[in-house]
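Encoded as structure tokens, the structure appears first; notes follow it.
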Amino acid sequence: MVSIKAPVVENRQYPHDSFILAVRAPEIAQAVLPGQFVMVAVADRGTAPTPLLKRALAVYSVYPEDGRPSIVTFLVKIVGEGTRRLNSVRTGEYLDLVGPLGKGFDLNRGKGKINLLVVGGTGIASVYLLAEKWCRGGEEVHLVYGGKSADYLIGLDDFKRLGIPVFVTTEDGSLGQRGLVTEGFQAYSGKFPTEHINLCTCGPNAMMEAVTVVAKTQEIPCQISVESKMACGFGVCLGCTVKTLDSYRLACTHGPVFDGARFVWESNSAR
Ligand SMILES: Cc1cc2nc3c(=O)[nH]c(=O)nc-3n(C[C@H](O)[C@H](O)[C@H](O)COP(=O)(O)OP(=O)(O)OC[C@H]3O[C@@H](n4cnc5c(N)ncnc54)[C@H](O)[C@@H]3O)c2cc1C
Ligand code: FES
């Protein structure tokens, strides 16, 4: 884990209050594992100091510069003051970053399996590095990705470029199958023998809970990436406690990726 100031190299706007921030942060780019996150804030602009704590963001993707991993991107949805501030940064401004943090996906679980990523909305930010890693390792990966309409499905082309099969659902039917991603998941996963499937899911609380219920019933291993509210990000404030069948856990250090079969859904569990 490092604490650094990183220059913004791009802030690309998308519909529905979403944006992708790219920063030059080689220390993080070279260390991050799929499913890990970074605590992020706009660095002091020399006017009033920021009153806000850093916000947790998954590392969406990593790009090389001069042949070495250097650029880190975050895919962000504006929901409040912290993400609004992040949206306002311009190229050349700096972000304060602490990371990479947390325990990401267990990559070994995917070996020799049909790896099914089931994702709702900006949950997509947590699984691109995972898909890329498994693809590069020759593992089989499929994406089931749902949103309200086609223009909510940010990053879709990045996954298509990986060459993996992508099954899309939209609530208004503007792209793919009309309906919820959970319905798409049920239909799509039915193509494969359950004992060969390895599931990973990220998205709104209700969506992940529904996916884990199906996974549990069908005895499909399922990793979930939860987005609990976090103040520190590294185990000090105890503000991100979640419940599992084993005991209470901290989402920031024991997670954010958990075994779905052992997770107990409560109000601070995730979105
Ligand atoms: C490990 C992790 C990875 C994350 N990755 C991403 C990501 O890649 N992209 C992204 O856009 N967001 C991500 N989030 C969620 C992001 O941290 C919150 O949206 C952000 O902290 C909200 O800050 P804010 O100041 O804009 O909103 P606030 O003013 O703090 O809150 C605005 C509203 O959002 C709710 N809220 C605040 N924090 C969260 C949260 N963590 N989860 C759900 N609801 C929340 C509040 O209850 C309130 O209703 C992640 C969270 C975690 C824990
Ligand atoms: S966010 Fe502070 S302990 Fe987890």
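Residues in the structure tokens are numbered from 1 in each chain, the chains being A, B, ... in the order shown, and ligands are numbered from 1 in the order shown.
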| request: Write out as a PyMOL selection string the residues lying within 12 Å of Glu81 in chain A, counting only C-alpha atoms and excluding same-chain residues fewer than 2 positions away. | output: chain A and resi 41-42+50-55+77-79+83-88
Give me, as a PDB file with C-alpha atoms, in the first residue's frame, the set of residues whose atoms come within 8 Å of any atom of ligand 1, counting only C-alpha atoms and all ligand atoms.
```
ATOM      1  CA  SER A  18     -20.671   8.590 -14.913  1.00  0.00           C
ATOM      2  CA  GLN A  36      -8.692  -4.402  -5.054  1.00  0.00           C
ATOM      3  CA  PHE A  37      -9.566  -0.752  -4.494  1.00  0.00           C
ATOM      4  CA  VAL A  38      -7.986   2.640  -3.790  1.00  0.00           C
ATOM      5  CA  LEU A  52     -14.272  15.185   2.771  1.00  0.00           C
ATOM      6  CA  LYS A  54     -11.320   9.846   0.670  1.00  0.00           C
ATOM      7  CA  ARG A  55     -13.771   7.670  -1.261  1.00  0.00           C
ATOM      8  CA  ALA A  56     -13.288   3.981  -2.105  1.00  0.00           C
ATOM      9  CA  LEU A  57     -13.003   3.191  -5.829  1.00  0.00           C
ATOM     10  CA  ALA A  58     -12.198  -0.100  -7.533  1.00  0.00           C
ATOM     11  CA  VAL A  59      -9.306  -0.007  -9.986  1.00  0.00           C
ATOM     12  CA  TYR A  60     -11.060  -0.453 -13.317  1.00  0.00           C
ATOM     13  CA  PHE A  74     -11.427   4.507 -12.144  1.00  0.00           C
ATOM     14  CA  LEU A  75     -14.984   4.229 -13.461  1.00  0.00           C
ATOM     15  CA  VAL A  76     -17.148   6.400 -11.239  1.00  0.00           C
ATOM     16  CA  LYS A  77     -20.828   7.205 -10.762  1.00  0.00           C
ATOM     17  CA  ILE A  78     -21.705  10.520  -9.093  1.00  0.00           C
ATOM     18  CA  VAL A  79     -23.853   9.840  -6.024  1.00  0.00           C
ATOM     19  CA  GLY A  80     -22.838  12.630  -3.619  1.00  0.00           C
ATOM     20  CA  GLU A  81     -20.330  15.366  -2.817  1.00  0.00           C
ATOM     21  CA  GLY A  82     -17.177  13.210  -2.911  1.00  0.00           C
ATOM     22  CA  THR A  83     -17.817  11.729  -6.332  1.00  0.00           C
ATOM     23  CA  ARG A  84     -19.043  15.133  -7.606  1.00  0.00           C
ATOM     24  CA  ARG A  85     -15.715  16.679  -6.576  1.00  0.00           C
ATOM     25  CA  GLY A 102      -8.303  -5.009   0.312  1.00  0.00           C
ATOM     26  CA  THR A 122     -21.022   0.498 -12.248  1.00  0.00           C
ATOM     27  CA  GLY A 123     -20.217  -2.823 -10.564  1.00  0.00           C
ATOM     28  CA  ILE A 124     -18.436  -3.387 -13.873  1.00  0.00           C
ATOM     29  CA  ALA A 125     -15.529  -1.343 -12.449  1.00  0.00           C
ATOM     30  CA  SER A 126     -14.584  -4.210 -10.117  1.00  0.00           C
ATOM     31  CA  SER A 225     -17.513  -7.764  -4.320  1.00  0.00           C
ATOM     32  CA  VAL A 226     -19.321  -5.530  -1.824  1.00  0.00           C
ATOM     33  CA  GLU A 227     -19.296  -1.738  -1.684  1.00  0.00           C
ATOM     34  CA  SER A 228     -19.828  -0.987   2.003  1.00  0.00           C
ATOM     35  CA  LYS A 229     -19.410   2.580   3.165  1.00  0.00           C
ATOM     36  CA  MET A 230     -15.783   3.099   4.161  1.00  0.00           C
ATOM     37  CA  GLY A 233     -10.116   1.837   3.909  1.00  0.00           C
ATOM     38  CA  ALA A 251     -15.074  -5.109   4.160  1.00  0.00           C
ATOM     39  CA  CYS A 252     -11.867  -3.095   3.635  1.00  0.00           C
ATOM     40  CA  GLY A 255     -12.909  -8.009   1.600  1.00  0.00           C
ATOM     41  CA  PRO A 256     -14.272  -6.312  -0.437  1.00  0.00           C
ATOM     42  CA  ALA A 270     -23.305  -2.957  -0.029  1.00  0.00           C
ATOM     43  CA  ARG A 271     -25.222  -0.581  -2.291  1.00  0.00           C
TER      44      ARG A 271
END
```
| said: From a backbone DSSP assignment, name each residue in range 163-260 of chain A labelled alpha helix (DSSP H), as a VMD selection string. | reply: chain A and resid 181 to 189 205 to 217
| field | DSSP strand (DSSP E or B) residues within range 32-265 of chain A, listed as a ChimeraX atom specification | value | /A:37-42,55-58,61-65,68-77,94-101,103,114-120,140-147,166-170,177-178,197-202,222-225,241-244,248-250,256-259,263-264
| message | Any residue with an atom at most 7 Å from ligand 2 counts, using only C-alpha atoms and all ligand atoms. Which are they? Put them as a PyMOL selection string. | response | chain A and resi 230-241+250-253
Written selection (C-alpha atoms) as a PDB file, in the first residue's frame:
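Output saved as result02.pdb:
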```pdb
ATOM      1  CA  MET A 230     -15.783   3.099   4.161  1.00  0.00           C
ATOM      2  CA  ALA A 231     -14.070   5.868   6.114  1.00  0.00           C
ATOM      3  CA  CYS A 232     -10.429   4.757   6.338  1.00  0.00           C
ATOM      4  CA  GLY A 233     -10.116   1.837   3.909  1.00  0.00           C
ATOM      5  CA  PHE A 234      -7.452  -0.049   5.898  1.00  0.00           C
ATOM      6  CA  GLY A 235      -8.909  -1.514   9.079  1.00  0.00           C
ATOM      7  CA  VAL A 236      -8.734   1.375  11.555  1.00  0.00           C
ATOM      8  CA  CYS A 237     -12.216   2.949  11.842  1.00  0.00           C
ATOM      9  CA  LEU A 238     -14.234  -0.311  11.990  1.00  0.00           C
ATOM     10  CA  GLY A 239     -16.933   1.491   9.993  1.00  0.00           C
ATOM     11  CA  CYS A 240     -17.206  -1.119   7.255  1.00  0.00           C
ATOM     12  CA  THR A 241     -18.168  -4.162   9.341  1.00  0.00           C
ATOM     13  CA  LEU A 250     -14.153  -5.722   7.790  1.00  0.00           C
ATOM     14  CA  ALA A 251     -15.074  -5.109   4.160  1.00  0.00           C
ATOM     15  CA  CYS A 252     -11.867  -3.095   3.635  1.00  0.00           C
ATOM     16  CA  THR A 253      -9.333  -5.681   4.826  1.00  0.00           C
TER      17      THR A 253
END
```
| query | In Å, with one decimal, what is the gap from CA of Leu97 in chain A to CA of Ser70 in chain A? | reply |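 Separation of CA of Leu97 in chain A and CA of Ser70 in chain A: 14.1 Å.
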| message | As an exercise, work out the distance from CA of Gln218 in chain A to CA of Pro165 in chain A in Å and give it to one decimal place. | response |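 Result for CA of Gln218 in chain A versus CA of Pro165 in chain A: 22.4 Å, one decimal.
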| said: Need to verify the contact set: Lys111 in chain A, 9 Å, only C-alpha atoms, exclusion of same-chain residues closer than 6 positions in sequence. Can you return it as a ChimeraX atom specification? | reply: /A:134,137,139-140
| note | The residue from A:Lys133, A:Lys113, A:His254, A:Lys103 with the smallest atom-to-atom distance to Ser61 in chain A, counting only C-alpha atoms, is A:Lys133
Please identify all polymer residues within 7 Å of range 25-31 of chain A, counting only C-alpha atoms, omitting same-chain residues fewer than 6 positions from it, and present them as a JSON list (two decimals) with C-alpha atoms, in the first residue's frame.
```json
[["chain", "number", "residue", "atom", "x", "y", "z"],
["A", 6, "ALA", "CA", -1.11, 11.23, -8.80],
["A", 62, "VAL", "CA", -4.32, -0.47, -15.90],
["A", 69, "PRO", "CA", 2.15, -0.54, -15.98],
["A", 70, "SER", "CA", 1.62, 3.13, -15.16],
["A", 71, "ILE", "CA", -1.88, 4.49, -15.80],
["A", 72, "VAL", "CA", -4.71, 3.53, -13.45],
["A", 99, "GLY", "CA", -3.83, 1.82, -2.18],
["A", 100, "PRO", "CA", -4.06, -0.74, -3.51]]
```
Quick one: everything within 8 Å of range 200-217 of chain A, counting only C-alpha atoms, minus sequence neighbours fewer than 3 positions away in the same chain. Send it as a CSV table (one decimal) with N, CA and C atoms, in the first residue's frame.
```
chain,number,residue,atom,x,y,z
A,115,ASN,N,-15.9,-19.2,-16.1
A,115,ASN,CA,-16.0,-18.1,-15.2
A,115,ASN,C,-17.1,-17.1,-15.7
A,116,LEU,N,-18.1,-17.0,-14.9
A,116,LEU,CA,-19.3,-16.2,-15.3
A,116,LEU,C,-19.2,-15.0,-14.4
A,117,LEU,N,-19.1,-13.8,-15.1
A,117,LEU,CA,-19.1,-12.5,-14.3
A,117,LEU,C,-20.5,-11.9,-14.5
A,118,VAL,N,-21.2,-11.7,-13.4
A,118,VAL,CA,-22.6,-11.2,-13.4
A,118,VAL,C,-22.5,-9.8,-12.8
A,119,VAL,N,-22.8,-8.8,-13.6
A,119,VAL,CA,-22.6,-7.4,-13.2
A,119,VAL,C,-23.7,-6.5,-13.5
A,120,GLY,N,-24.0,-5.7,-12.5
A,120,GLY,CA,-25.1,-4.6,-12.6
A,120,GLY,C,-24.4,-3.3,-12.6
A,121,GLY,N,-24.7,-2.4,-13.6
A,121,GLY,CA,-24.3,-1.0,-13.5
A,121,GLY,C,-22.8,-0.8,-13.3
A,122,THR,N,-22.4,0.2,-12.4
A,122,THR,CA,-21.0,0.5,-12.2
A,122,THR,C,-20.2,-0.6,-11.5
A,123,GLY,N,-20.9,-1.7,-11.1
A,123,GLY,CA,-20.2,-2.8,-10.6
A,123,GLY,C,-19.2,-3.3,-11.6
A,124,ILE,N,-19.4,-3.0,-12.8
A,124,ILE,CA,-18.4,-3.4,-13.9
A,124,ILE,C,-17.0,-3.0,-13.6
A,126,SER,N,-15.3,-3.3,-11.0
A,126,SER,CA,-14.6,-4.2,-10.1
A,126,SER,C,-14.1,-5.5,-10.9
A,127,VAL,N,-14.6,-5.7,-12.1
A,127,VAL,CA,-14.3,-7.0,-12.7
A,127,VAL,C,-13.5,-7.0,-14.0
A,181,VAL,N,-30.7,-8.1,-14.9
A,181,VAL,CA,-29.5,-8.9,-15.1
A,181,VAL,C,-29.6,-10.2,-14.4
A,182,THR,N,-30.4,-10.3,-13.3
A,182,THR,CA,-30.6,-11.5,-12.6
A,182,THR,C,-31.3,-12.5,-13.5
A,185,PHE,N,-28.9,-13.7,-16.1
A,185,PHE,CA,-28.0,-14.7,-15.5
A,185,PHE,C,-28.6,-16.1,-15.4
A,220,ILE,N,-23.2,-23.5,-6.9
A,220,ILE,CA,-22.2,-22.9,-7.7
A,220,ILE,C,-21.4,-22.0,-6.8
A,221,PRO,N,-20.0,-22.1,-6.9
A,221,PRO,CA,-19.2,-21.2,-6.1
A,221,PRO,C,-19.4,-19.8,-6.6
A,222,CYS,N,-19.5,-18.8,-5.6
A,222,CYS,CA,-19.8,-17.5,-6.0
A,222,CYS,C,-19.0,-16.5,-5.2
A,223,GLN,N,-18.2,-15.6,-5.8
A,223,GLN,CA,-17.5,-14.5,-5.1
A,223,GLN,C,-18.3,-13.2,-5.3
A,224,ILE,N,-18.5,-12.5,-4.3
A,224,ILE,CA,-19.2,-11.2,-4.4
A,224,ILE,C,-18.2,-10.1,-4.0
A,225,SER,N,-18.3,-8.9,-4.7
A,225,SER,CA,-17.5,-7.8,-4.3
A,225,SER,C,-18.4,-6.7,-3.8
A,226,VAL,N,-18.4,-6.4,-2.5
A,226,VAL,CA,-19.3,-5.5,-1.8
A,226,VAL,C,-18.8,-4.1,-1.7
A,260,GLY,N,-19.8,-15.6,-1.5
A,260,GLY,CA,-21.2,-15.3,-1.4
A,260,GLY,C,-22.0,-16.3,-0.6
A,261,ALA,N,-21.6,-17.5,-0.5
A,261,ALA,CA,-22.4,-18.5,0.3
A,261,ALA,C,-22.3,-18.3,1.8
A,265,TRP,N,-26.5,-10.7,4.3
A,265,TRP,CA,-26.9,-9.4,3.8
A,265,TRP,C,-27.6,-8.5,4.8
A,269,SER,N,-24.1,-3.7,4.0
A,269,SER,CA,-23.3,-4.7,3.3
A,269,SER,C,-22.8,-4.1,2.0
A,270,ALA,N,-23.7,-3.4,1.3
A,270,ALA,CA,-23.3,-3.0,0.0
A,270,ALA,C,-24.4,-2.0,-0.5
A,271,ARG,N,-24.3,-1.6,-1.8
A,271,ARG,CA,-25.2,-0.6,-2.3
A,271,ARG,C,-26.7,-1.1,-2.2
```
| said: List the spatial neighbours of Ser174 in chain A as a ChimeraX atom specification - criterion: any atom at most 10 Å away, only C-alpha atoms, same-chain residues fewer than 3 positions off excluded. | reply: /A:148-151,169-171,177-178
| message | Using Å and a single decimal, report how far CA of Glu93 in chain A sits from CA of Val8 in chain A. | response |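 Computed distance, CA of Val8 in chain A to CA of Glu93 in chain A, equals 5.7 Å.
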